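Undergrad: Got a structure for you, written out below as structure tokens; questions coming shortly.
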Amino acid sequence: MAIQYEHIKTDKQTGARLGRVHTPHGSFDTPTFMPVGTLATVKTMAPEELKEMGANIILSNTYHLWLRPGEDIIEEAGGLHNFMNWDGSILTDSGGFQVFSLSKLRDIKEEGVHFRNHINGEKLFLSPEKAMNIQNALGSDIMMAFDECPPYPASFDYMKKSVERTSRWAERCLDAHKRPHDQGLFGIVQGGEYEELRRQSAQDLASLDFPGYAIGGLSVGEPKDVMNRVLDFTTPLLPEDKPRYLMGVGSPDSLIDGAIRGVDMFDCVLPTRIARNGTCMTSQGRLVVRNAKFARDFRPIDEACNCHTCRNYSRAYIRHLVKANETFGFRLTTYHNLYFLLNLMEQVREAIRQDRLGDFREEFFEQYGFNKP
Ligand SMILES: CNc1nc2cc(C(N)=O)ccc2[nH]1
Ligand SMILES: [Zn+2]
């Protein structure tokens, strides 16, 4: 089996699980956060730096790599691991989300989706079979089935038809998958905020026996209490012996609340995206380093952080670089933000080991300022 999930223990205070996922490119502890490397790079970070900060799995986007440089070039390089010099695990999404989020003009048919290239406007077509062929060429360790991620909100009737098509597409993905022994394929559960449809989607996909399951259709503008409610009734529907991956989620509070509800894997562009405009996540909440009050502040970004940035550079220096639009400034903020989330996940895993993730949530939320009205 290309992907193996090893359950280690469940937190006695919550539904959080401590586990390990084994892939052809190594193993990683769960719950885990996956840095996003959309175009075969986690923006401004070298692979060695990702390894140094504790990342074991990263995400890359099938849609973007298909358009640029093209999966044929990456296949010729020996696959994405060789192309980007990353020897850890790689998860690729299927392109479905980008088609629905980037392309205004699209036409969804049973055979697949017709849309326009968001860069040059050319007509394109993506189907379950095409999404599998691209990911097989990329050689990722974990592939995603081709699905529809409907907008939020969506009517029950629209969502029901969409879930049924996504389930038919999932079966076509399994049939089209050319490398099942060394590339794991996750099904993506849809259904919006409707419990009946989430149940139908989970049952359809569980019957196809995927090596892992993603929870899609969330982090698309719904309030956090809606996301948490959907997780409350969706994760219990998924097989306990398989990893659960919540797509597109990465704020510190959502990572903790997702883990509490039994999610094992997360990805989000948030830490790298906000770093590039000089915003940092710290144990005391968000810090906007370009703020004038840091001009003569020679403390580290976060005095509780042990990362390379915090051990060697000051707020004043990073503020100067960011205001001068110096690339090195964004490397420093990116390194810190990724380290912050990876370290947060280690603290979550340790809290599960000690059966106290509920207590940890209260402590972290208080210190970070999530409880402030
Ligand atoms: C940033 N939010 C987000 N929601 C997502 C949903 C999907 C999905 N396939 O439903 C994929 C990526 C996603 N990213
Ligand atoms: Zn730091």
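Going through the structure tokens in order, the chains are called A, B, and so on, while each chain numbers its residues from 1 and the ligands are numbered from 1 in the order shown.
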Using only C-alpha atoms, determine which residues lie at most 7 Å from segment 204-219 of chain A, disregarding the query and same-chain residues fewer than 3 positions distant; provide the list as a PyMOL selection string.
TA: chain A and resi 3+149-150+167+184-190+192+200-201+222+227+242-249
Undergrad: Take the residues from that selection and put them in a file with N, CA, C and O atoms, as a compact mmCIF listing (two decimals), in the first residue's frame.
TA:
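Once written, part_15.txt looks like this:
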```
# COMPACT_ATOMS: atom_id res chain seq x y z
N ILE A 3 0.20 4.26 0.93
CA ILE A 3 0.03 5.13 2.10
C ILE A 3 -0.48 4.27 3.26
O ILE A 3 -1.43 3.52 3.10
N CYS A 149 -15.68 21.67 -5.82
CA CYS A 149 -15.80 22.37 -4.54
C CYS A 149 -16.82 23.49 -4.75
O CYS A 149 -16.50 24.55 -5.28
N PRO A 150 -18.09 23.24 -4.38
CA PRO A 150 -19.13 24.23 -4.66
C PRO A 150 -18.92 25.50 -3.85
O PRO A 150 -18.27 25.47 -2.82
N SER A 167 -18.93 11.96 -6.52
CA SER A 167 -18.77 10.53 -6.22
C SER A 167 -18.55 9.72 -7.49
O SER A 167 -17.69 8.82 -7.53
N GLY A 184 -0.55 7.26 -3.38
CA GLY A 184 -1.85 7.11 -2.72
C GLY A 184 -2.84 8.13 -3.26
O GLY A 184 -2.45 9.25 -3.60
N LEU A 185 -4.11 7.75 -3.37
CA LEU A 185 -5.16 8.64 -3.88
C LEU A 185 -6.21 8.84 -2.79
O LEU A 185 -6.78 7.87 -2.29
N PHE A 186 -6.43 10.11 -2.40
CA PHE A 186 -7.44 10.41 -1.38
C PHE A 186 -8.75 10.82 -2.06
O PHE A 186 -8.73 11.59 -3.03
N GLY A 187 -9.86 10.33 -1.54
CA GLY A 187 -11.16 10.83 -1.96
C GLY A 187 -11.46 12.12 -1.20
O GLY A 187 -10.93 12.33 -0.11
N ILE A 188 -12.29 12.98 -1.78
CA ILE A 188 -12.62 14.26 -1.13
C ILE A 188 -14.11 14.30 -0.81
O ILE A 188 -14.94 14.28 -1.72
N VAL A 189 -14.42 14.37 0.46
CA VAL A 189 -15.82 14.41 0.91
C VAL A 189 -16.37 15.83 0.73
O VAL A 189 -15.75 16.80 1.16
N GLN A 190 -17.51 15.91 0.07
CA GLN A 190 -18.16 17.19 -0.11
C GLN A 190 -19.52 17.17 0.61
O GLN A 190 -19.77 16.30 1.45
N GLY A 192 -21.13 20.36 1.59
CA GLY A 192 -21.43 21.68 2.17
C GLY A 192 -21.74 21.59 3.64
O GLY A 192 -21.10 20.85 4.39
N GLN A 200 -23.86 11.10 2.78
CA GLN A 200 -23.93 10.41 1.48
C GLN A 200 -22.54 10.39 0.82
O GLN A 200 -22.07 9.36 0.34
N SER A 201 -21.88 11.55 0.84
CA SER A 201 -20.55 11.65 0.21
C SER A 201 -19.56 10.74 0.91
O SER A 201 -18.81 9.98 0.26
N GLU A 222 -17.25 30.34 4.76
CA GLU A 222 -18.23 30.06 5.82
C GLU A 222 -17.68 30.52 7.17
O GLU A 222 -16.48 30.51 7.39
N MET A 227 -17.94 25.79 10.02
CA MET A 227 -16.90 24.78 9.70
C MET A 227 -16.79 23.77 10.83
O MET A 227 -16.79 22.56 10.58
N LYS A 242 -7.78 5.49 8.58
CA LYS A 242 -7.26 6.22 7.43
C LYS A 242 -7.04 7.68 7.83
O LYS A 242 -7.80 8.21 8.66
N PRO A 243 -6.05 8.38 7.21
CA PRO A 243 -5.84 9.79 7.53
C PRO A 243 -7.00 10.65 7.05
O PRO A 243 -7.64 10.33 6.04
N ARG A 244 -7.24 11.74 7.78
CA ARG A 244 -8.27 12.72 7.41
C ARG A 244 -7.58 14.06 7.19
O ARG A 244 -6.87 14.54 8.06
N TYR A 245 -7.84 14.67 6.02
CA TYR A 245 -7.14 15.89 5.61
C TYR A 245 -8.16 16.99 5.36
O TYR A 245 -9.03 16.86 4.51
N LEU A 246 -8.07 18.07 6.15
CA LEU A 246 -8.97 19.21 6.00
C LEU A 246 -8.30 20.23 5.08
O LEU A 246 -7.27 20.82 5.44
N MET A 247 -8.86 20.45 3.90
CA MET A 247 -8.21 21.23 2.83
C MET A 247 -8.35 22.73 3.07
O MET A 247 -9.44 23.23 3.35
N GLY A 248 -7.19 23.44 2.95
CA GLY A 248 -7.24 24.89 2.95
C GLY A 248 -7.39 25.52 4.32
O GLY A 248 -7.82 26.67 4.43
N VAL A 249 -7.01 24.79 5.35
CA VAL A 249 -7.20 25.34 6.71
C VAL A 249 -5.86 25.44 7.41
O VAL A 249 -5.08 24.47 7.42
```
Undergrad: Collect all residues with atoms no farther than 8 Å from ligand 2, counting only C-alpha atoms and all ligand atoms, and output them as a ChimeraX atom specification.
TA: /A:282,300-311,335-337,339-340
Undergrad: Apply DSSP to the backbone of this structure and, from segment 114-300 of chain A, keep only the residues in strand (DSSP E or B); write these as a PyMOL selection string.
TA: chain A and resi 114-116+123-126+142-144+184-189+212-215+244-246+265-267+279-282+285-288
Undergrad: Between A:Ser27, A:Asn291, A:Thr62, A:Ser314, which one has atoms that come closest to ligand 1, using only C-alpha atoms and all ligand atoms?
TA: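 Distance minimum relative to ligand 1 lands on A:Thr62.
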Undergrad: Calculate how many Å separate atom CA of Ala131 of chain A from atom CA of Ala145 of chain A, rounding to one decimal.
TA: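 For atom CA of Ala131 of chain A relative to atom CA of Ala145 of chain A, the distance reads 7.7 Å.
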Undergrad: Please determine, counting only C-alpha atoms and all ligand atoms, which residue among A:Phe365, A:Phe83, A:Phe97, A:Tyr158 has the shortest atom-to-atom distance to ligand 1.
TA: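 Counting only C-alpha atoms and all ligand atoms, the residue closest to ligand 1 is A:Phe97.
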Undergrad: Within 7 Å of Val21 of chain A, counting only C-alpha atoms, which residues show up once you throw out same-chain ones fewer than 6 positions away? Write them as a count of residues only, please.
TA: 7
Undergrad: Residues within 8 Å of Val230 of chain A, please, as a PDB file with C-alpha atoms, in the first residue's frame. Count only C-alpha atoms; anything in the same chain fewer than 3 positions from it doesn't count.
TA:
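Contents of around_31.pdb, as written:
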```pdb
ATOM      1  CA  GLY A 192     -21.426  21.678   2.166  1.00  0.00           C
ATOM      2  CA  GLU A 193     -23.158  22.329   5.487  1.00  0.00           C
ATOM      3  CA  TYR A 194     -25.782  19.584   4.924  1.00  0.00           C
ATOM      4  CA  GLU A 195     -25.323  16.592   7.255  1.00  0.00           C
ATOM      5  CA  VAL A 226     -20.209  26.482  10.570  1.00  0.00           C
ATOM      6  CA  MET A 227     -16.903  24.785   9.698  1.00  0.00           C
ATOM      7  CA  PHE A 233     -20.698  15.445  12.080  1.00  0.00           C
ATOM      8  CA  THR A 234     -18.305  14.643   9.205  1.00  0.00           C
TER       9      THR A 234
END
```
Undergrad: Leaving out Ala275 of chain A and any residue of its chain fewer than 4 positions from it, which residues lie within 9 Å of it when counting only C-alpha atoms, given as a list in words?
TA: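 Non-adjacent residues within range: Leu270, Pro271, Thr279, Cys280, Met281, Phe330, Arg331, Leu332, Thr333, Thr334, Tyr335, His336 and Asn337 of chain A.
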Undergrad: Do you know which residues are at most 12 Å from Val42 of chain A counting only C-alpha atoms, after dropping those on the same chain fewer than 6 positions away, and could you put them as a PDB file with C-alpha atoms, in the first residue's frame?
TA:
```
ATOM      1  CA  MET A  34       1.704  21.048   5.260  1.00  0.00           C
ATOM      2  CA  PRO A  35       3.465  24.167   3.868  1.00  0.00           C
ATOM      3  CA  VAL A  36       2.056  25.103   0.450  1.00  0.00           C
ATOM      4  CA  GLU A  48      16.933  22.527   3.291  1.00  0.00           C
ATOM      5  CA  GLU A  49      15.268  25.275   5.343  1.00  0.00           C
ATOM      6  CA  LEU A  50      11.919  23.439   5.243  1.00  0.00           C
ATOM      7  CA  LYS A  51      13.637  20.291   6.510  1.00  0.00           C
ATOM      8  CA  ALA A  55       8.451  20.080   7.605  1.00  0.00           C
ATOM      9  CA  ILE A  57       5.341  16.949   3.741  1.00  0.00           C
ATOM     10  CA  ILE A  58       4.492  19.862   1.441  1.00  0.00           C
ATOM     11  CA  LEU A  59       1.635  20.540  -0.970  1.00  0.00           C
ATOM     12  CA  SER A  60       1.895  21.499  -4.643  1.00  0.00           C
ATOM     13  CA  ASN A  61      -0.903  22.525  -7.015  1.00  0.00           C
ATOM     14  CA  MET A  84      12.378  20.755  -6.866  1.00  0.00           C
ATOM     15  CA  ASN A  85      15.021  18.821  -4.906  1.00  0.00           C
ATOM     16  CA  TRP A  86      12.595  17.840  -2.115  1.00  0.00           C
ATOM     17  CA  ILE A  90       4.516  15.634  -1.487  1.00  0.00           C
ATOM     18  CA  CYS A 268      -3.014  26.632   4.009  1.00  0.00           C
ATOM     19  CA  VAL A 269      -1.299  29.517   2.208  1.00  0.00           C
ATOM     20  CA  PRO A 271       1.456  31.718   6.891  1.00  0.00           C
ATOM     21  CA  THR A 272       3.426  32.212   3.682  1.00  0.00           C
ATOM     22  CA  ARG A 273       0.964  34.714   2.181  1.00  0.00           C
ATOM     23  CA  ARG A 331      12.372  35.167   3.773  1.00  0.00           C
ATOM     24  CA  THR A 334       8.134  33.321   6.017  1.00  0.00           C
ATOM     25  CA  TYR A 335      10.612  31.154   7.907  1.00  0.00           C
ATOM     26  CA  LEU A 338       6.057  28.331   8.955  1.00  0.00           C
TER      27      LEU A 338
END
```
Undergrad: Residues of segment 91-295 of chain A in alpha helix (DSSP H) according to DSSP, as a PyMOL selection string?
TA: chain A and resi 96-102+128-138+156-176+195-206+224-234+252-260+270-275
Undergrad: Name the residues in contact with Cys173 of chain A at a cut-off of 7 Å, using only C-alpha atoms, excluding same-chain residues fewer than 2 positions from it; report them as a compact mmCIF listing (two decimals) with N, CA, C and O atoms, in the first residue's frame.
TA:
```txt
# COMPACT_ATOMS: atom_id res chain seq x y z
N PRO A 128 -11.61 14.03 -14.50
CA PRO A 128 -11.01 13.09 -13.55
C PRO A 128 -9.81 12.37 -14.16
O PRO A 128 -8.74 12.28 -13.54
N GLU A 129 -9.93 11.94 -15.41
CA GLU A 129 -8.83 11.19 -16.05
C GLU A 129 -7.61 12.10 -16.26
O GLU A 129 -6.49 11.70 -15.98
N MET A 132 -5.81 12.79 -13.00
CA MET A 132 -5.00 11.63 -12.59
C MET A 132 -3.73 11.55 -13.43
O MET A 132 -2.63 11.34 -12.89
N ALA A 145 -8.42 13.19 -5.56
CA ALA A 145 -9.42 12.92 -6.60
C ALA A 145 -9.92 14.25 -7.17
O ALA A 145 -9.83 15.29 -6.53
N PHE A 146 -10.42 14.21 -8.41
CA PHE A 146 -10.98 15.40 -9.05
C PHE A 146 -12.41 15.58 -8.58
O PHE A 146 -13.22 14.68 -8.70
N TRP A 169 -17.17 10.95 -10.19
CA TRP A 169 -15.82 11.35 -10.62
C TRP A 169 -14.76 10.61 -9.80
O TRP A 169 -13.71 10.22 -10.33
N ALA A 170 -15.03 10.40 -8.51
CA ALA A 170 -14.06 9.69 -7.65
C ALA A 170 -13.81 8.28 -8.17
O ALA A 170 -12.67 7.81 -8.25
N GLU A 171 -14.88 7.63 -8.61
CA GLU A 171 -14.74 6.27 -9.15
C GLU A 171 -13.92 6.29 -10.44
O GLU A 171 -13.04 5.44 -10.65
N ASP A 175 -10.31 4.43 -11.43
CA ASP A 175 -10.12 3.64 -12.67
C ASP A 175 -8.98 4.19 -13.51
O ASP A 175 -8.27 3.43 -14.18
N ALA A 176 -8.77 5.50 -13.47
CA ALA A 176 -7.75 6.13 -14.34
C ALA A 176 -6.37 6.18 -13.69
O ALA A 176 -5.38 6.50 -14.35
N HIS A 177 -6.28 5.85 -12.37
CA HIS A 177 -5.02 5.99 -11.64
C HIS A 177 -4.00 4.95 -12.16
O HIS A 177 -4.23 3.76 -12.09
```
Undergrad: Between A:Gly78, A:Pro69, A:Pro252, A:Gly19, which has the minimum distance to Ser283 of chain A (counting only C-alpha atoms)?
TA: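 The shortest atom-to-atom distance to Ser283 of chain A comes from A:Pro252.
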Undergrad: Would you mind telling me which residue in A:Arg20, A:Arg315, A:Arg361, A:Lys43 lies nearest to Ile256 of chain A when using only C-alpha atoms?
TA: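 Under the stated criterion, the closest residue is A:Arg361.
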Undergrad: Calculated over only C-alpha atoms, which of the candidates A:Glu326, A:Glu363, A:Glu240, A:Asp11 has the smallest distance to Asp253 of chain A?
TA: A:Glu363
Undergrad: When you draw a straight line from atom 14 (N, counted along the ligand's line) of ligand 1 to atom CA of Asp93 of chain A, how long is it in Å?
TA: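 The value is 9.5 Å.
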Undergrad: For each of A:Leu341, A:Met144, A:Val263, A:Leu238, take the minimum atom-to-atom distance to ligand 1, counting only C-alpha atoms and all ligand atoms, then give the residue where this is smallest.
TA: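 Closest to ligand 1 of all the choices is A:Met144.
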